[in-house]
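Text of run03.cif, listed as mmCIF, C-alpha atoms:
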```cif
data_data
loop_
_atom_site.label_atom_id
_atom_site.label_comp_id
_atom_site.auth_asym_id
_atom_site.auth_seq_id
_atom_site.Cartn_x
_atom_site.Cartn_y
_atom_site.Cartn_z
CA MET W 28 149.02 8.02 24.87
CA LEU W 29 150.13 11.62 24.71
CA ALA W 30 152.48 12.52 27.56
CA PHE W 31 153.88 15.85 28.73
CA ALA W 32 156.36 17.12 31.28
CA LEU W 33 155.32 20.69 31.98
CA ALA W 34 155.97 23.78 34.03
CA GLY W 35 155.10 27.42 33.36
CA CYS W 36 153.21 30.43 34.57
CA SER W 37 150.34 29.81 36.94
CA GLY W 38 146.95 30.89 35.69
CA PRO W 39 145.38 33.23 38.25
CA GLU W 40 141.72 33.59 39.00
CA ALA W 41 140.19 36.54 37.24
CA SER W 42 140.44 38.73 40.34
CA ASP W 43 144.09 37.93 41.01
CA PRO W 44 147.00 40.15 39.94
CA PRO W 45 149.01 38.90 36.94
CA ALA W 46 151.13 35.88 37.77
CA THR W 47 154.86 35.67 37.30
CA SER W 48 156.35 32.67 35.55
CA GLU W 49 159.31 30.37 35.59
CA VAL W 50 160.35 27.80 33.02
CA SER W 51 161.83 24.66 34.55
CA SER W 52 161.14 21.99 31.93
CA THR W 53 160.23 21.61 28.31
CA PRO W 54 156.86 20.13 27.33
CA THR W 55 156.84 17.51 24.62
CA VAL W 56 154.17 15.42 22.96
CA ASP W 57 155.18 11.82 22.43
CA GLU W 58 154.30 10.19 19.15
CA ALA W 59 151.53 7.63 19.65
CA PRO W 60 149.65 5.03 17.63
CA SER W 61 146.64 6.42 15.81
CA SER W 62 144.28 4.74 18.25
CA ALA W 63 145.94 6.18 21.34
CA GLY W 64 144.04 8.86 23.17
CA THR W 65 140.88 8.35 21.06
CA PRO W 66 137.79 9.13 23.12
CA SER W 67 135.18 6.42 23.49
CA SER W 68 131.85 6.94 21.78
CA ASP W 69 130.13 7.73 25.06
CA GLU W 70 132.71 10.34 26.14
CA ALA W 71 133.27 12.72 23.23
CA PRO W 72 129.66 13.67 22.36
CA SER W 73 128.78 14.75 25.91
CA ALA W 74 131.88 16.92 26.24
CA THR W 75 131.28 18.57 22.90
CA GLN W 76 127.55 19.05 23.46
CA ASP W 77 128.01 20.70 26.86
CA LEU W 78 130.62 23.07 25.45
CA VAL W 79 128.45 24.11 22.52
CA LEU W 80 125.60 24.97 24.84
CA ASP W 81 127.81 27.02 27.17
CA LEU W 82 129.55 28.95 24.39
CA SER W 83 126.31 29.64 22.58
CA ALA W 84 125.14 31.45 25.71
CA LEU W 85 128.38 33.45 25.78
CA GLU W 86 127.96 34.34 22.11
CA GLU W 87 124.51 35.72 22.83
CA GLU W 88 125.65 37.63 25.92
CA PHE W 89 128.59 39.28 24.16
CA ASP W 90 126.98 39.49 20.68
CA ALA W 91 130.01 37.68 19.33
CA THR W 92 131.14 34.56 17.50
CA VAL W 93 133.42 32.17 19.36
CA GLY W 94 135.52 29.35 17.94
CA VAL W 95 137.19 26.76 20.18
CA SER W 96 139.32 23.69 19.66
CA ALA W 97 140.76 21.91 22.68
CA ILE W 98 142.56 18.59 23.11
CA ASP W 99 143.03 16.87 26.47
CA THR W 100 146.40 15.25 25.88
CA ALA W 101 145.83 12.68 28.64
CA THR W 102 142.83 11.08 26.95
CA GLY W 103 142.66 12.51 23.43
CA ARG W 104 139.19 13.87 24.16
CA ARG W 105 138.29 17.04 22.30
CA ALA W 106 136.00 19.95 23.02
CA GLU W 107 134.97 22.00 20.01
CA HIS W 108 132.71 24.87 19.06
CA ARG W 109 132.86 26.25 15.52
CA ALA W 110 136.24 24.50 15.34
CA THR W 111 136.35 24.37 11.54
CA GLU W 112 134.92 27.84 10.89
CA ARG W 113 137.28 30.56 9.70
CA PHE W 114 138.40 33.43 11.92
CA GLY W 115 141.07 36.07 11.67
CA PHE W 116 144.19 34.92 13.50
CA ALA W 117 145.66 38.37 14.30
CA SER W 118 148.87 38.12 16.33
CA THR W 119 148.48 34.46 17.30
CA ILE W 120 150.29 33.78 14.01
CA LYS W 121 153.47 35.18 15.59
CA LEU W 122 153.93 32.04 17.67
CA PHE W 123 153.81 29.86 14.57
CA ALA W 124 156.07 32.15 12.52
CA ALA W 125 158.66 31.97 15.30
CA ALA W 126 158.39 28.19 15.31
CA VAL W 127 158.97 28.06 11.55
CA MET W 128 162.02 30.32 11.95
CA LEU W 129 163.49 28.08 14.67
CA ARG W 130 162.87 25.05 12.49
CA GLU W 131 164.45 26.46 9.33
CA LEU W 132 167.26 28.88 10.24
CA ASP W 133 170.59 27.75 11.66
CA LYS W 134 172.48 29.50 14.45
CA THR W 135 174.50 31.65 12.05
CA GLU W 136 171.38 32.86 10.28
CA ARG W 137 169.64 33.57 13.57
CA ALA W 138 172.61 35.64 14.75
CA GLU W 139 172.43 38.01 11.78
CA ARG W 140 171.78 41.57 12.95
CA LEU W 141 169.06 43.44 11.07
CA THR W 142 168.37 47.17 11.01
CA TRP W 143 165.37 49.26 9.98
CA THR W 144 164.13 52.83 9.82
CA VAL W 145 161.76 54.99 11.79
CA HIS W 146 159.46 54.81 8.77
CA ASP W 147 159.42 51.00 9.03
CA VAL W 148 158.37 51.29 12.66
CA SER W 149 155.59 53.71 11.80
CA GLU W 150 154.29 51.55 8.97
CA ALA W 151 154.15 48.40 11.11
CA GLY W 152 152.05 49.96 13.85
CA TYR W 153 152.57 48.30 17.24
CA ALA W 154 156.35 48.04 17.69
CA PRO W 155 157.34 48.40 21.36
CA VAL W 156 160.71 46.67 20.98
CA THR W 157 161.86 47.56 17.47
CA ALA W 158 161.04 51.23 18.07
CA GLN W 159 163.77 51.24 20.75
CA HIS W 160 166.42 49.71 18.46
CA VAL W 161 166.36 51.78 15.29
CA SER W 162 169.96 52.83 15.86
CA ASP W 163 171.48 49.44 16.70
CA GLY W 164 169.10 46.79 15.34
CA LEU W 165 168.52 43.28 16.70
CA THR W 166 169.46 39.76 15.73
CA VAL W 167 166.91 37.52 14.05
CA LEU W 168 166.64 35.48 17.27
CA GLU W 169 166.02 38.63 19.32
CA LEU W 170 163.39 39.70 16.81
CA ALA W 171 161.66 36.34 17.14
CA GLU W 172 161.53 36.78 20.91
CA ALA W 173 160.06 40.28 20.49
CA THR W 174 157.53 38.82 18.08
CA VAL W 175 156.21 36.29 20.59
CA ARG W 176 156.84 37.88 23.98
CA GLU W 177 155.92 41.49 23.14
CA SER W 178 153.84 40.92 19.98
CA ASP W 179 155.99 43.42 18.05
CA ASN W 180 154.60 43.86 14.51
CA LEU W 181 157.78 44.99 12.79
CA ALA W 182 159.68 42.13 14.42
CA LEU W 183 157.25 39.68 12.83
CA ASN W 184 157.65 41.28 9.41
CA LEU W 185 161.43 41.04 9.67
CA VAL W 186 161.33 37.40 10.82
CA ILE W 187 159.08 36.53 7.88
CA GLN W 188 161.49 38.37 5.58
CA GLN W 189 164.40 36.30 6.89
CA ILE W 190 162.71 32.94 6.35
CA GLY W 191 161.95 33.86 2.74
CA GLY W 192 158.72 35.83 2.80
CA LEU W 193 155.03 34.99 3.07
CA GLU W 194 155.23 32.11 0.62
CA ALA W 195 158.00 30.50 2.65
CA LEU W 196 155.99 30.96 5.85
CA GLY W 197 153.06 29.24 4.18
CA ALA W 198 155.30 26.38 3.13
CA GLY W 199 156.63 26.15 6.67
CA LEU W 200 153.11 25.85 8.04
CA VAL W 201 152.29 23.16 5.50
CA ALA W 202 155.40 21.27 6.64
CA LEU W 203 153.87 21.37 10.13
CA GLY W 204 150.68 19.84 8.73
CA ASP W 205 148.69 23.08 8.49
CA THR W 206 147.08 23.43 5.07
CA THR W 207 144.31 25.68 6.43
CA THR W 208 145.98 28.83 7.73
CA ARG W 209 146.50 31.46 5.02
CA VAL W 210 148.99 34.25 5.77
CA THR W 211 148.70 36.58 2.78
CA GLU W 212 149.72 39.92 4.32
CA LEU W 213 152.33 41.35 6.67
CA GLU W 214 151.60 43.52 9.70
CA PRO W 215 149.42 45.44 10.10
CA ARG W 216 147.30 44.31 7.12
CA LEU W 217 147.16 40.71 8.34
CA ASN W 218 144.60 42.00 10.85
CA GLU W 219 142.06 42.41 8.04
CA PRO W 220 140.75 38.87 7.49
CA ASP W 221 138.62 38.04 4.46
CA LEU W 222 136.22 35.30 5.50
CA ASP W 223 135.06 34.82 1.91
CA THR W 224 138.46 34.20 0.31
CA GLY W 225 140.13 32.84 3.46
CA ASP W 226 142.97 35.38 3.29
CA SER W 227 144.47 36.15 6.71
CA THR W 228 142.30 33.48 8.34
CA THR W 229 142.58 30.11 10.03
CA THR W 230 140.38 27.79 12.08
CA PRO W 231 140.58 26.89 15.76
CA ALA W 232 141.16 23.24 14.84
CA ALA W 233 144.08 24.13 12.56
CA LEU W 234 145.95 26.12 15.20
CA THR W 235 145.41 23.51 17.91
CA GLN W 236 146.65 20.72 15.66
CA THR W 237 149.66 22.76 14.53
CA LEU W 238 150.62 23.60 18.10
CA ALA W 239 150.36 19.93 19.01
CA ARG W 240 152.68 19.12 16.09
CA ILE W 241 155.21 21.74 17.23
CA LEU W 242 155.34 20.05 20.64
CA GLN W 243 156.02 16.61 19.20
CA PRO W 244 159.59 15.31 19.59
CA GLY W 245 161.58 15.88 16.44
CA THR W 246 159.64 18.89 15.18
CA LEU W 247 162.02 21.35 16.86
CA ASP W 248 165.38 20.85 18.46
CA PRO W 249 164.71 20.41 22.23
CA ALA W 250 166.62 23.59 23.08
CA ASP W 251 164.62 25.53 20.48
CA LEU W 252 161.33 24.19 21.84
CA GLU W 253 162.33 25.20 25.35
CA LEU W 254 163.18 28.67 24.06
CA LEU W 255 159.88 29.06 22.21
CA LEU W 256 157.92 28.02 25.27
CA GLU W 257 159.90 30.36 27.50
CA TRP W 258 158.77 33.22 25.25
CA THR W 259 155.13 32.19 25.78
CA SER W 260 155.48 31.90 29.56
CA ASP W 261 155.93 35.53 30.53
CA ASN W 262 154.38 37.67 27.82
CA PRO W 263 152.44 40.61 29.27
CA THR W 264 149.82 40.63 26.49
CA CYS W 265 148.09 37.47 27.79
CA ASP W 266 147.30 38.00 31.46
CA THR W 267 143.58 38.79 30.97
CA LEU W 268 142.85 35.97 28.52
CA VAL W 269 143.18 32.19 29.06
CA ARG W 270 145.35 32.82 32.14
CA ALA W 271 142.46 34.73 33.72
CA GLY W 272 140.07 31.86 32.99
CA ALA W 273 142.31 29.04 34.18
CA PRO W 274 141.82 27.66 37.70
CA ARG W 275 144.25 28.73 40.38
CA GLY W 276 147.44 26.68 40.31
CA TRP W 277 147.19 25.66 36.65
CA THR W 278 150.06 26.65 34.37
CA VAL W 279 149.51 28.53 31.13
CA ARG W 280 151.77 29.21 28.16
CA ASP W 281 150.07 31.20 25.44
CA LYS W 282 150.14 33.74 22.62
CA SER W 283 147.43 36.34 22.22
CA GLY W 284 146.10 38.18 19.21
CA GLY W 285 143.74 41.10 18.85
CA ALA W 286 142.62 43.78 16.42
CA GLY W 287 139.33 45.63 16.09
CA PRO W 288 136.56 43.13 16.89
CA MET W 289 138.94 40.13 17.10
CA ARG W 290 140.42 38.72 20.30
CA ASN W 291 142.24 35.39 20.32
CA ASP W 292 144.50 33.18 22.40
CA VAL W 293 146.39 29.95 21.72
CA ALA W 294 147.50 28.14 24.86
CA ILE W 295 148.98 25.11 26.58
CA VAL W 296 147.12 24.82 29.89
CA THR W 297 148.21 22.28 32.50
CA PRO W 298 146.52 21.21 35.76
CA PRO W 299 148.76 20.46 38.75
CA GLY W 300 150.29 17.02 38.31
CA GLY W 301 148.32 16.40 35.13
CA ALA W 302 148.66 16.43 31.38
CA PRO W 303 147.94 19.66 29.51
CA VAL W 304 145.07 20.81 27.39
CA ILE W 305 146.06 22.41 24.07
CA LEU W 306 143.54 25.18 23.54
CA THR W 307 142.70 27.68 20.81
CA ILE W 308 140.06 30.37 21.32
CA LEU W 309 139.27 32.71 18.41
CA THR W 310 136.57 35.36 18.83
CA ARG W 311 135.08 38.29 16.98
CA LYS W 312 132.31 40.74 17.82
CA ASN W 313 129.39 40.50 15.40
CA ASP W 314 129.41 44.28 15.01
CA PRO W 315 132.72 44.98 13.25
CA SER W 316 132.79 48.50 14.68
CA GLU W 317 133.00 47.14 18.24
CA ARG W 318 136.31 46.48 19.96
CA TRP W 319 137.31 43.07 21.25
CA ASP W 320 136.52 41.86 24.78
CA ASP W 321 139.15 40.07 26.89
CA GLU W 322 136.47 38.82 29.29
CA LEU W 323 134.87 36.83 26.49
CA VAL W 324 138.08 34.86 25.93
CA ALA W 325 138.66 34.33 29.66
CA ARG W 326 135.14 33.08 30.25
CA ALA W 327 135.26 30.83 27.19
CA ALA W 328 138.50 29.34 28.53
CA ALA W 329 136.86 28.74 31.92
CA GLU W 330 134.03 26.85 30.24
CA VAL W 331 136.45 24.73 28.24
CA LEU W 332 138.56 23.89 31.26
CA LYS W 333 135.48 22.82 33.21
CA THR W 334 134.80 20.32 30.42
CA LEU W 335 138.38 19.13 29.83
CA PRO W 336 140.15 17.35 31.39
#
```
Will you turn the file into structure tokens for me?
Amino acid sequence: MLAFALAGCSGPEASDPPATSEVSSTPTVDEAPSSAGTPSSDEAPSATQDLVLDLSALEEEFDATVGVSAIDTATGRRAEHRATERFGFASTIKLFAAAVMLRELDKTERAERLTWTVHDVSEAGYAPVTAQHVSDGLTVLELAEATVRESDNLALNLVIQQIGGLEALGAGLVALGDTTTRVTELEPRLNEPDLDTGDSTTTPAALTQTLARILQPGTLDPADLELLLEWTSDNPTCDTLVRAGAPRGWTVRDKSGGAGPMRNDVAIVTPPGGAPVILTILTRKNDPSERWDDELVARAAAEVLKTLP
């Protein structure tokens, strides 16, 4: 069976103010036999069928396409909707790039201080942290935190540079078992997914499985895993997404992504006293000229969490 020990930020109801968060323990996924956590034949179909019906109604209401992959780590049951269809990942990839960095760079490499120019900031687009440190720079570890916690675009580009570039990031994802996600551009061009070629795209199932792998013992050093999860526990970009859809008292660690018609969230969502659900929600408006909708992600999360656990 999959087992976790979790704490994090409490997911508020949609009408609540943003919750604050504390990190008191590190979640891990224990390795288990292949049969462990497998849903029985009479459990999985009903969960999946109910979710498809609910999300189809949301897709019609919001004129959007929604992809979901969720795993209840207590039972192994899954809830899926368009789980193997391709979507743009936008800034959700920053969580996984940071994980690859923590896995591959030693403490000396992480402590290296990098610098950049005002032009670099301008070219990257959204850069709330790196724009404030043109004169003094930041260490690679500080850049990784800015990448996840503040979704800083230039910080991501610099982290990818330090691990060896886009090809090295791809290899790092493959080492985590992800042969689906294709990161072919840096910020901000990675926000232009090509659904035909697969460039700058992933699937909900791929991100959920990769996050589950990151949480397994031995994937990251325990201290590094605790650090990565701390960064996902108090990031201000996520308050209106899965956190807004989670029931009161549940804890949520997540990383958002959004650009143009895309709005996404990848999360670890835990009921009080229970085992977490690993959840990926990827959405896009069907009209590419329309801007994303946070409410769509929050309501999709609420539907998932009614189904699982």
Apply the PyMOL selection byres ((chain W and resi 175-184) around 9) to the displayed file and report the matching residues as a ChimeraX atom specification.
/W:118-119,121-122,124-125,147-148,150-158,167,169-174,185-189,192,213-215,255,257-264,282-284
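For the atom pair formed by CA of Leu323 in chain W and CA of Leu200 in chain W, the distance is 28.2 Å, given to one decimal.
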Please identify all polymer residues within 9 Å of Thr307 in chain W, counting all atoms listed in the file, omitting same-chain residues fewer than 5 positions from it, and present them as number ranges by chain.
W: 94-97, 231-232, 234-235, 291-295, 328
Shell around Arg137 in chain W at 9 Å using all atoms listed in the file, local window under 3 positions removed, as a PyMOL selection string
chain W and resi 128-129+132-134+140+166-169+189
So that I have them on file, write out the residues from the current selection with C-alpha atoms, as a PDB file, in the frame of the given file.
```pdb
ATOM      1  CA  MET W 128     162.020  30.320  11.950  1.00  0.00           C
ATOM      2  CA  LEU W 129     163.490  28.080  14.670  1.00  0.00           C
ATOM      3  CA  LEU W 132     167.260  28.880  10.240  1.00  0.00           C
ATOM      4  CA  ASP W 133     170.590  27.750  11.660  1.00  0.00           C
ATOM      5  CA  LYS W 134     172.480  29.500  14.450  1.00  0.00           C
ATOM      6  CA  ARG W 140     171.780  41.570  12.950  1.00  0.00           C
ATOM      7  CA  THR W 166     169.460  39.760  15.730  1.00  0.00           C
ATOM      8  CA  VAL W 167     166.910  37.520  14.050  1.00  0.00           C
ATOM      9  CA  LEU W 168     166.640  35.480  17.270  1.00  0.00           C
ATOM     10  CA  GLU W 169     166.020  38.630  19.320  1.00  0.00           C
ATOM     11  CA  GLN W 189     164.400  36.300   6.890  1.00  0.00           C
TER      12      GLN W 189
END
```
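Between Pro315 in chain W and the candidates W:Pro288, W:Arg275, W:Ile190, W:Gly245, the tightest atom-to-atom separation, counting all atoms listed in the file, involves W:Pro288.
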Find the residues around His108 in chain W up to 12 Å (all atoms listed in the file counted), leave out those fewer than 2 positions away in its own chain, and share them as a PyMOL selection string.
chain W and resi 74-83+85-86+92-97+105-106+110-113+230-232+306-310+327-328+330-331
Would you save the residues from that selection as an mmCIF file, in the coordinates of the input, using C-alpha atoms?
```
data_model
loop_
_atom_site.group_PDB
_atom_site.id
_atom_site.type_symbol
_atom_site.label_atom_id
_atom_site.label_comp_id
_atom_site.auth_asym_id
_atom_site.auth_seq_id
_atom_site.Cartn_x
_atom_site.Cartn_y
_atom_site.Cartn_z
ATOM 1 C CA ALA W 74 131.880 16.920 26.240
ATOM 2 C CA THR W 75 131.280 18.570 22.900
ATOM 3 C CA GLN W 76 127.550 19.050 23.460
ATOM 4 C CA ASP W 77 128.010 20.700 26.860
ATOM 5 C CA LEU W 78 130.620 23.070 25.450
ATOM 6 C CA VAL W 79 128.450 24.110 22.520
ATOM 7 C CA LEU W 80 125.600 24.970 24.840
ATOM 8 C CA ASP W 81 127.810 27.020 27.170
ATOM 9 C CA LEU W 82 129.550 28.950 24.390
ATOM 10 C CA SER W 83 126.310 29.640 22.580
ATOM 11 C CA LEU W 85 128.380 33.450 25.780
ATOM 12 C CA GLU W 86 127.960 34.340 22.110
ATOM 13 C CA THR W 92 131.140 34.560 17.500
ATOM 14 C CA VAL W 93 133.420 32.170 19.360
ATOM 15 C CA GLY W 94 135.520 29.350 17.940
ATOM 16 C CA VAL W 95 137.190 26.760 20.180
ATOM 17 C CA SER W 96 139.320 23.690 19.660
ATOM 18 C CA ALA W 97 140.760 21.910 22.680
ATOM 19 C CA ARG W 105 138.290 17.040 22.300
ATOM 20 C CA ALA W 106 136.000 19.950 23.020
ATOM 21 C CA ALA W 110 136.240 24.500 15.340
ATOM 22 C CA THR W 111 136.350 24.370 11.540
ATOM 23 C CA GLU W 112 134.920 27.840 10.890
ATOM 24 C CA ARG W 113 137.280 30.560 9.700
ATOM 25 C CA THR W 230 140.380 27.790 12.080
ATOM 26 C CA PRO W 231 140.580 26.890 15.760
ATOM 27 C CA ALA W 232 141.160 23.240 14.840
ATOM 28 C CA LEU W 306 143.540 25.180 23.540
ATOM 29 C CA THR W 307 142.700 27.680 20.810
ATOM 30 C CA ILE W 308 140.060 30.370 21.320
ATOM 31 C CA LEU W 309 139.270 32.710 18.410
ATOM 32 C CA THR W 310 136.570 35.360 18.830
ATOM 33 C CA ALA W 327 135.260 30.830 27.190
ATOM 34 C CA ALA W 328 138.500 29.340 28.530
ATOM 35 C CA GLU W 330 134.030 26.850 30.240
ATOM 36 C CA VAL W 331 136.450 24.730 28.240
#
```
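CA of Leu247 in chain W lies 19.0 Å from CA of Pro303 in chain W.
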From the set W:Asp281, W:Asp248, W:Asp226, W:Asp266, which residue has the shortest atom-to-atom contact distance to Thr208 in chain W, counting only C-alpha atoms?
W:Asp226
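Residues matched by the PyMOL selection byres ((chain W and resi 143) around 6) in this file are Thr142, Thr144 and Val161 of chain W.
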